Amino acid sequence: MKKISFAEFGGPEVLRLVDAEEPHAGPGQVRIAVHAAGVNPVDWRIREGQVLGAHPVELPAGVGLDAAGVVDEIGEGVDGVQLGDAVFGEGLDTYSEFSVLTAWARMPEGLTFEEAAGYPSVVETGLRVLREVGVERGQTLLVSGASGGVGSAVLQIARDRGISVIGIAGAANQDYLRGLGAIATTYGEGWAERVRGLGQVDAALDLAGSGVLRELVALTGDPRKVVTIADLGASDFGVRFSGVAGSVPDALAEAADLISRGKLHIPVEKSYALPDAAAAHIDSQAGHTRGRRVILV
Ligand SMILES: NC(=O)c1ccc[n+]([C@@H]2O[C@H](COP(=O)([O-])OP(=O)(O)OC[C@H]3O[C@@H](n4cnc5c(N)ncnc54)[C@H](OP(=O)(O)O)[C@@H]3O)[C@@H](O)[C@H]2O)c1
């Protein structure tokens, strides 16, 4: 089979389309014929060797955590899924013709493989940070980095829960944020004053890592009401860095429910053919993805 692999850490040019042995489903796993793989920033962070603590890598290594496809092998001890089922989930080396998933759920009716591949990681992360920041119905949540994959999930889950959101994104994404039910404002010079002008903030999420934690603590009045997923300087401000994934099966079940109720839609900004994975990484690394980018296999 064909897969994307890298033999040394580095820039997008280290990614190669190679012939590889097919993986097989071990106990508690399923194998899918991959139709689409989600592109997450962590994919290129792993490729660069940035996050080896959380994601140990043995070279040569495959790429990709999220995927959607059709089950073609079922591991020992797995039930509730059949050969031929269309599923989405998280697994290993998903930029590949076949991939082993460690967590999956049936794809909701009406969702394409291309769309489905964009959900798993961002929904797990979105649910986790909402839980950790402790925001409740009727309160106002400030979200920096609101238009990306995680932001798109957070805004829609918050709206479904009756939480008001002020979203911060670039000028080109203001209407997008409003379409997801948020009050929108831009980053850049004077952003904290603009947020202050929009009202009281009960809790805040930093999803962009753009050096805003001091201001988020000032706006909420309490470092315990701020969570970041992207700023490693969090402890300097008494802020929680959220880096340990919660239950992916629970997140997928909740994603499927929200999608089926028409409450969650993560748009695909652009799709790429498998041999063009490097282009997908270059575009993701530019830092302005709206929703998700996807590799089509
Ligand atoms: N710790 C964890 O568990 C965890 C989990 C998932 C992701 N992450 C990290 O969290 C970050 C976001 O992930 P993602 O998948 O949502 O990324 P993404 O889809 O690439 O989105 C990034 C977003 O950041 C926004 N942005 C860029 N510059 C900004 C600024 N100065 N202020 C505010 N927003 C800005 C962009 O908005 P505009 O296009 O409008 O400029 C873009 O929509 C990444 O660094 C990723 O590695 C961490």
# chains A, B, ... in the order shown; residues from 1 in each chain; ligands from 1
$ select_by_dssp --residues "range 130-226 of chain A" --states "strand (DSSP E or B)" --output "list in words"
Thr140, Leu141, Leu142, Val143, Ser144, Ser164, Val165, Ile166, Gly167, Ile168, Ala169, Ile183, Ala184, Thr185, Thr186, Ala203, Ala204, Leu205, Asp206 and Val226 of chain A
$ residues_around --residues "Ser152 in chain A" --least-positions-apart "5" --cutoff "9 Å" --atoms "only C-alpha atoms" --output "PyMOL selection string"
chain A and resi 122+126+146-147+157+177+180+264-267+290-291
$ closest_residue --among "A:Tyr95, A:Arg196, A:Val51, A:Val100" --to "Leu15 in chain A" --atoms "only C-alpha atoms"
A:Tyr95
$ residues_around --residues "Gly233 in chain A" --least-positions-apart "6" --cutoff "10 Å" --atoms "only C-alpha atoms" --output "list in words"
Gly209, Gly211, Leu213, Val239, Arg240 and Phe241 of chain A
$ write_last_selection --atoms "C-alpha atoms" --output "CSV table (one decimal), in the first residue's frame"
chain,number,residue,atom,x,y,z
A,209,GLY,CA,-0.8,30.5,21.4
A,211,GLY,CA,1.1,35.4,23.6
A,213,LEU,CA,-2.3,34.9,28.5
A,239,VAL,CA,-2.8,29.3,33.7
A,240,ARG,CA,-3.5,25.6,32.9
A,241,PHE,CA,-2.0,24.1,29.8
$ residues_around --residues "Tyr187 in chain A" --least-positions-apart "2" --cutoff "6 Å" --atoms "only C-alpha atoms" --output "PDB file with C-alpha atoms, in the first residue's frame"
ATOM      1  CA  ILE A 168     -11.167  36.545  18.257  1.00  0.00           C
ATOM      2  CA  ALA A 169      -9.923  35.886  14.712  1.00  0.00           C
ATOM      3  CA  TRP A 191      -7.718  43.775  20.919  1.00  0.00           C
TER       4      TRP A 191
END
$ closest_residue --among "A:Asp236, A:Glu22, A:Asp43, A:Glu109" --to "Ala277 in chain A" --atoms "only C-alpha atoms"
A:Asp43
$ residues_around --residues "Asp206 in chain A" --least-positions-apart "6" --cutoff "9 Å" --atoms "only C-alpha atoms" --output "ChimeraX atom specification"
/A:142-146,212-213,216,226-231
$ write_last_selection --atoms "C-alpha atoms" --output "mmCIF file, in the first residue's frame"
data_model
loop_
_atom_site.group_PDB
_atom_site.id
_atom_site.type_symbol
_atom_site.label_atom_id
_atom_site.label_comp_id
_atom_site.auth_asym_id
_atom_site.auth_seq_id
_atom_site.Cartn_x
_atom_site.Cartn_y
_atom_site.Cartn_z
ATOM 1 C CA LEU A 142 -13.767 34.506 25.272
ATOM 2 C CA VAL A 143 -12.007 32.396 22.605
ATOM 3 C CA SER A 144 -8.729 33.493 21.002
ATOM 4 C CA GLY A 145 -8.065 31.516 17.821
ATOM 5 C CA ALA A 146 -11.789 31.028 17.298
ATOM 6 C CA VAL A 212 -2.206 36.641 25.068
ATOM 7 C CA LEU A 213 -2.316 34.910 28.467
ATOM 8 C CA LEU A 216 -6.794 36.841 29.240
ATOM 9 C CA VAL A 226 -8.140 30.610 31.567
ATOM 10 C CA VAL A 227 -6.982 27.497 29.669
ATOM 11 C CA THR A 228 -4.498 27.332 26.793
ATOM 12 C CA ILE A 229 -3.740 24.507 24.385
ATOM 13 C CA ALA A 230 -0.953 26.285 22.556
ATOM 14 C CA ASP A 231 1.127 28.464 24.911
#
$ residues_around --residues "Gly221 in chain A" --least-positions-apart "6" --cutoff "12 Å" --atoms "only C-alpha atoms" --output "MDAnalysis selection string"
chainID A and resid 200:204 213:215 237:239
$ atom_distance --atom1 "CA of Gly89 in chain A" --atom2 "CA of Leu155 in chain A"
21.1 Å
$ select_by_dssp --residues "range 51-189 of chain A" --states "alpha helix (DSSP H)" --output "number ranges by chain"
A: 113-116, 120-133, 149-160, 174-179
$ atom_distance --atom1 "CA of Ser235 in chain A" --atom2 "CA of Glu90 in chain A"
29.3 Å
$ residues_around --residues "Gly10 in chain A" --least-positions-apart "6" --cutoff "9 Å" --atoms "only C-alpha atoms" --output "short mmCIF file (atom, residue, chain, number, x, y, z; two decimals) with C-alpha atoms, in the first residue's frame"
data_model
loop_
_atom_site.label_atom_id
_atom_site.label_comp_id
_atom_site.auth_asym_id
_atom_site.auth_seq_id
_atom_site.Cartn_x
_atom_site.Cartn_y
_atom_site.Cartn_z
CA ARG A 47 7.17 15.86 11.73
CA GLU A 48 9.43 18.61 13.09
CA GLY A 49 10.23 16.59 16.23
#
$ atom_distance --atom1 "CA of Arg161 in chain A" --atom2 "CA of Ser260 in chain A"
15.9 Å
$ closest_atom_pairs --of "range 51-147 of chain A" --to "range 1-6 of chain A" --cutoff "10 Å" --atoms "only C-alpha atoms" --output "tab-separated table"
residue	atom	partner	partner_atom	distance
A:Leu59	CA	A:Phe6	CA	7.2
A:Pro60	CA	A:Phe6	CA	5.5
A:Ala61	CA	A:Ser5	CA	5.4
A:Gly62	CA	A:Ser5	CA	4.4
A:Val63	CA	A:Ser5	CA	6.3
A:Gly64	CA	A:Ile4	CA	8.9
A:Asp93	CA	A:Lys3	CA	7.9
A:Thr94	CA	A:Lys3	CA	8.3
A:Tyr95	CA	A:Ile4	CA	5.7
A:Ser96	CA	A:Lys3	CA	4.0
A:Glu97	CA	A:Lys2	CA	5.8
A:Phe98	CA	A:Met1	CA	7.4
A:Ser99	CA	A:Lys3	CA	9.4
$ closest_atom_pairs --of "range 174-278 of chain A" --to "range 65-87 of chain A" --cutoff "12 Å" --atoms "only C-alpha atoms" --output "CSV"
residue,atom,partner,partner_atom,distance
A:Val248,CA,A:Asp66,CA,11.0
A:Pro249,CA,A:Val87,CA,11.8
A:Leu252,CA,A:Val87,CA,10.1
A:Ala253,CA,A:Val87,CA,11.4
A:Ala256,CA,A:Val87,CA,10.6
$ closest_residue --among "A:Leu232, A:Leu111, A:Ala182, A:Ala25" --to "ligand 1" --atoms "only C-alpha atoms and all ligand atoms"
A:Leu232
$ closest_residue --among "A:Thr102, A:Ser271, A:Thr289, A:Thr140" --to "ligand 1" --atoms "only C-alpha atoms and all ligand atoms"
A:Thr289
$ closest_residue --among "A:Val150, A:Gly118, A:Leu101, A:Ala158" --to "Arg137 in chain A" --atoms "only C-alpha atoms"
A:Ala158
$ closest_residue --among "A:Pro223, A:Pro120, A:Gly287, A:Gly199" --to "Gly246 in chain A" --atoms "only C-alpha atoms"
A:Pro120
